[in-house]
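What follows is a short report on a single structure.
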Amino acid sequence: MVIGAPERRRPVPGSEVAVPTTVRRTVLTLPGVSLGPENPLPALWPPAGLHRVGEAERAALPAEMARQAGYGALRSVLPVRLRDGYGRSRGPVRLDAIVLENDRLRATVLPGLGGRIHSLLHKPTGRELLYRNPVFQPADFALNGAWFSGGIEWNIGATGHSTLSCAPLHAARVPAPDGPGADAAGGGMLRLWEWERLRDTPFQIDLWLPEGSDFLFVGVRIRNPHDRPVPVHWWSNIAVPEGEPGSRGTGCRVLAPAEEAWHFGYERSLRRVPVPEWQGTDRTYPLRSANPADYFYDVPDGDRRWIAALDEDGQGLVQTSTELLRGRKLFVWGTGRGGRRRQQWLTEPGTGGYAEIQAGLARTRLEHVRLDAHTEFAWLEAYGPLSADPAAVHGTDWGAARTAAAASLEAALPRAEVDAAHTAWLARADHEPGERLATGSGWGALEVARAGYALPGTPFEPSTLGAEQRPWTELLRTGGMPARGPSADPGPSLVAPAWRDLLEEAAPSAAVDYHLGVAQWHAGDRAQAARSWERSLHASRSPWTLRCLAVAAQESGDPERAADRWLHAVRVALAAPADGPDPGEGRTEPAGRPGPVVRDGAAAGQRRRAQGRSVSGRQGGFWPEDAVLLTAPGPAGGTEGTGPGRPAAERRAPVPAARPAADPGPTADPGPTADAGPAADPVPAAALAALGREAVEALLAVGRAPDARALLDALTPEIRDRGRFRLLRARILLAEGDAQAARAVFDDGFEIPDLREGEETLEDTWYAVAEQLVSGGAVVTEEIRSRARAEHPLPERYDYRMHPRE
């Protein structure tokens with residue numbers, strides 16, 4: 001028997017007046033923080049903490065899973081930039097929102113934050129179906145950093161939280177599949193769309209509320225406009241309240257049509273486990289797991305795709321979809337101190353916890369799915385309330401619990417109705433958007449300008465092109481790139497093969513060679529990338545290019561040389577003025593370049609040879625960065641690094657000189673070198689902070705604590721006072737042998753807003769300090785390590801451990 005299934009209201013013609021669906025804009029005000037600036041340094045490394053399956057473990061998986069788990073792994077998040085400029089000092093923030101509403105449901109969407117569904121309210125009962133975060137607090141959980149918890153998010157691109165988690169999407173009204181909708185004032189369907197940049201795939205998300213329905217329908221389409229296959233990743237991530245143990249002592253239970261699941265925890269091991277009970281614990285209850293973990297339910301082929309989270313009364317939210325969206329997952333934070341602390345970190349005290357139920361294209365989130373050239377994936381999802389017999393839902397018979405939930409779902413929203421809605425939506429998927437409600441990025445318009453893609457239903461219009469795209473539109477138009485001052489932000493780099501080809505053919509310049517090096521690095525051609533950066537550095541002494549060469553040295557196994565190059569980069573950055581116009585703005589290199597765009601790679605090679613530059617990447621001369629290294633700092637107490645006109649109160653400590661390079665490179669005549677005088681344009685504060693952090697860590701890695709201290713002291717007070725740099729201070733003090741002073745930094749207290757998910761730097765540094773305090777500087781033995789952990793336990797405020805406790 002089905003108990004308490006929501007009443008299915010459908011207006012009978014002539015018997016009542018249906019309440020039309022409305023789509024309207026509003027503003028949501030929450031306690032929160034600004035996202036802050038992007039990190040302008042190119043993300044040359046793979047994302048930290050990626051969840052991957054090892055070769056040996058993959059060999060034991062089913063064939064399709066093994067193939068997809070090894071397909072499409074990211075080299076980096078390029079061309080996307082990292083977002084780590086947020087803090088934790090909250091105030092009121094205004095978030096643009098779009099509300100879809102009928103007489104049964106109200107959905108609140110945040111188009112400026114990845115299209116997140118912030119709230120889904122069931123109006124007849126007044127019940128919020130999602131975990132709705134009362135604050136906006138980013139944390140470092142996305143592939144590119146900033147991410148926030150709560151609601152329904154759309155994860156596209158690659159394994160992990162999407163790089164679009166905190167990015168704007170285009171939004172507009174479109175006629176709904178079940179009627180004219182948009183022809184009526186304020187009605188219709190909401191379309192969200194963007195260009196996903198990790199895989200260069202346009203996608204759309206269409207949301208609508210059929211009249212009288214208790215379910216929000218969501219049509220999703222991902223298109224591959226290219227002549228090659230692309231790896232695709234999609235998971236819809238739904239935050240639901242985990243509940244509190246009540247009279248049954250259970251809290252929320254998650255149900256899905258599966259008897260087995262794939263478990264993946266922070267010990268990075270994937271294993272098949274039974275559902276619901278494993279290792280003596282029913283894992284379908286989020287509050288019964290001690291540690292954070294993923295459970296990917298193995299839903300049998302042919303079974304209806306659904307997942308539900310129901311509370312002690314058998315009420316909650318259900319998600320279902322058409323067949324293509326095959327995967328279902330439960331993520332739990334666990335009841336351990338680290339998992340609880342992470343949840344609190346994402347919201348405010350007194351807020352209840354949450355779990356995540358998810359739906360994706362593959363069995364697990366460790367896989368990517370192949371999307372063939374000039375094809376698309378399209379499916380329909382539905383979200384709504386579900387009520388089932390609580391005795392069955394929370395009984396010991398897992399089969400009966402699943403059957404009760406499945407029967408309630410079929411009564412509330414038959415499977416055939418979902419399939420029919422999918423068919424109806426596909427007929428509207430190409431319909432051109434009407435009134436624009438929000439504007440996303442200009443990257444899709446740039447790709448359309450380059451390749452002429454026809455993408456009906458998702459227009460990427462030239463009017464959306466902005467300052468970030470301007471150097472690239474100039475490259476398309478003239479074959480050159482706008483010049484910038486050597487310390488100005490060079491802008492985001494594009495790394496797709498088509499853009500790399502254009503850069504190879506472009507007129508050489510500092511900007512072209514810098515961006516070409518980033519594209520070559522991303523493609524795995526590291527030797528040629530270094531040569532391109534050396535040419536760029538020869539043309540213009542830039543901290544951005546020096547930093548790229550530092551990464552290249554580190555990755556080639558030369559940490560000393562890498563530390564020197566980072567040091568040079570910071571010295572150049574500190575020599576730049578704090579503000580002022582960009583003297584390169586508005587110019588194009590080469591200036592006044594006549595004639596049509598050159599597309600002949602041989603001609604580009606001739607230009608490079610004519611200027612004495614490397615062509616093949618394996619032979620020929622190149623400009624060693626040593627030819628343009630900075631001179632040593634001025635006398636102690638001088639004004640080194642203050643910049644012209646800077647007040648004495650803002651002057652920074654002198655930065656140590658870099659050590660002479662052991663291998664100055666080829667002895668071929670380097671020709672004229674860049675001016676070694678002070679830069680005339682500003683280094684953004686975000687770049688100085690990122691450079692300083694990387695440089696201090698590089699210096700500590702090679703045992704140069706005094707240099708690390710001097711560099712840290714040379715940064716601005718605002719940067720030094722950030723939590724990340726307070727931790728660096730403690731690490732420097734520890735390296736200098738002053739464990740007491742390092743411990744004092746912890747005792748004074750600090751927070752690291754961009755502490756990465758799974759990052760253990762806090763824990764490692766704390767215990768390293770504790771070991772020195774216990775040993776008194778003597779050799780650290782296992783006995784001392786045990787004593788340090790017993791005598792100096794990690795304080796709760798610094799405990800973010802996601803791995804199983806020892």
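Residues in the structure tokens are named by chain (A, B, ... in the order shown) and by number from 1 within that chain; ligands are numbered from 1 in the order shown.
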
Item to complete: Name all residues at most 7 Å from Ala705 of chain A (count only C-alpha atoms; drop same-chain ones fewer than 6 positions away) and give them as JSON, numbers by chain.
Response: {"A": [699, 732, 735, 736]}

Pick out each residue of segment 281-516 of chain A that DSSP on the backbone tags as alpha helix (DSSP H); I need them as a ChimeraX atom specification. /A:337-345,390-393,398-412,415-426,443-451,470-478,497-505,510-516

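Interatomic distance, atom CA of Pro292 of chain A against atom CA of Leu361 of chain A: 22.6 Å.
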
>> So that I can see what lies close to Met189 of chain A, please list as a ChimeraX atom specification the residues with an atom at most 9 Å from it, counting only C-alpha atoms and leaving out residues fewer than 4 positions away in the same chain.
In response: /A:21-23,100,172-177,181-182,206-209

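Here the question is which of A:Ala401, A:Leu755, A:Ala391, A:Ala742 gets nearest to Trp147 of chain A using only C-alpha atoms, and that residue is A:Leu755.
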
Subject >> Long-range neighbours of Ser76 of chain A as an MDAnalysis selection string, 7 Å cut-off, only C-alpha atoms, 3 positions minimum in chain >> reply: chainID A and resid 43:47

Next, dump the selected residues to file, keeping only all heavy atoms, as a PDB file, in the first residue's frame.
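For reference, result35.pdb as written:
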```pdb
ATOM      1  N   ALA A  43      47.235  27.752 -14.368  1.00  0.00           N
ATOM      2  CA  ALA A  43      47.212  26.523 -13.572  1.00  0.00           C
ATOM      3  C   ALA A  43      47.978  25.437 -14.315  1.00  0.00           C
ATOM      4  O   ALA A  43      47.384  24.612 -15.018  1.00  0.00           O
ATOM      5  CB  ALA A  43      45.774  26.097 -13.298  1.00  0.00           C
ATOM      6  N   LEU A  44      49.283  25.405 -14.157  1.00  0.00           N
ATOM      7  CA  LEU A  44      50.141  24.494 -14.913  1.00  0.00           C
ATOM      8  C   LEU A  44      50.177  23.089 -14.324  1.00  0.00           C
ATOM      9  O   LEU A  44      50.608  22.155 -14.993  1.00  0.00           O
ATOM     10  CB  LEU A  44      51.565  25.052 -14.989  1.00  0.00           C
ATOM     11  CG  LEU A  44      51.696  26.430 -15.658  1.00  0.00           C
ATOM     12  CD1 LEU A  44      53.147  26.896 -15.613  1.00  0.00           C
ATOM     13  CD2 LEU A  44      51.200  26.393 -17.088  1.00  0.00           C
ATOM     14  N   TRP A  45      49.760  22.941 -13.079  1.00  0.00           N
ATOM     15  CA  TRP A  45      49.764  21.620 -12.440  1.00  0.00           C
ATOM     16  C   TRP A  45      48.382  20.983 -12.511  1.00  0.00           C
ATOM     17  O   TRP A  45      47.373  21.686 -12.609  1.00  0.00           O
ATOM     18  CB  TRP A  45      50.156  21.740 -10.973  1.00  0.00           C
ATOM     19  CG  TRP A  45      51.585  22.076 -10.720  1.00  0.00           C
ATOM     20  CD1 TRP A  45      52.685  21.319 -10.998  1.00  0.00           C
ATOM     21  CD2 TRP A  45      52.076  23.287 -10.123  1.00  0.00           C
ATOM     22  NE1 TRP A  45      53.833  21.970 -10.596  1.00  0.00           N
ATOM     23  CE2 TRP A  45      53.494  23.179 -10.061  1.00  0.00           C
ATOM     24  CE3 TRP A  45      51.472  24.433  -9.634  1.00  0.00           C
ATOM     25  CZ2 TRP A  45      54.300  24.177  -9.531  1.00  0.00           C
ATOM     26  CZ3 TRP A  45      52.269  25.433  -9.109  1.00  0.00           C
ATOM     27  CH2 TRP A  45      53.661  25.301  -9.060  1.00  0.00           C
ATOM     28  N   PRO A  46      48.306  19.660 -12.410  1.00  0.00           N
ATOM     29  CA  PRO A  46      46.984  19.019 -12.279  1.00  0.00           C
ATOM     30  C   PRO A  46      46.316  19.466 -10.988  1.00  0.00           C
ATOM     31  O   PRO A  46      46.993  19.842 -10.020  1.00  0.00           O
ATOM     32  CB  PRO A  46      47.316  17.517 -12.242  1.00  0.00           C
ATOM     33  CG  PRO A  46      48.695  17.398 -12.804  1.00  0.00           C
ATOM     34  CD  PRO A  46      49.400  18.674 -12.461  1.00  0.00           C
ATOM     35  N   PRO A  47      44.998  19.462 -10.942  1.00  0.00           N
ATOM     36  CA  PRO A  47      44.305  19.825  -9.701  1.00  0.00           C
ATOM     37  C   PRO A  47      44.738  18.924  -8.551  1.00  0.00           C
ATOM     38  O   PRO A  47      44.920  17.711  -8.724  1.00  0.00           O
ATOM     39  CB  PRO A  47      42.828  19.622 -10.040  1.00  0.00           C
ATOM     40  CG  PRO A  47      42.758  19.643 -11.525  1.00  0.00           C
ATOM     41  CD  PRO A  47      44.064  19.117 -12.023  1.00  0.00           C
TER      42      PRO A  47
END
```

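Checking A:Ala569, A:Ala689, A:Ile238, A:Leu287 one by one against Arg340 of chain A, counting only C-alpha atoms, you find the shortest gap at A:Leu287.
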
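Among the candidates A:Ser556, A:Thr281, A:Thr250, A:Thr364, the residue lying nearest to Trp262 of chain A is A:Thr364 (atoms considered: only C-alpha atoms).
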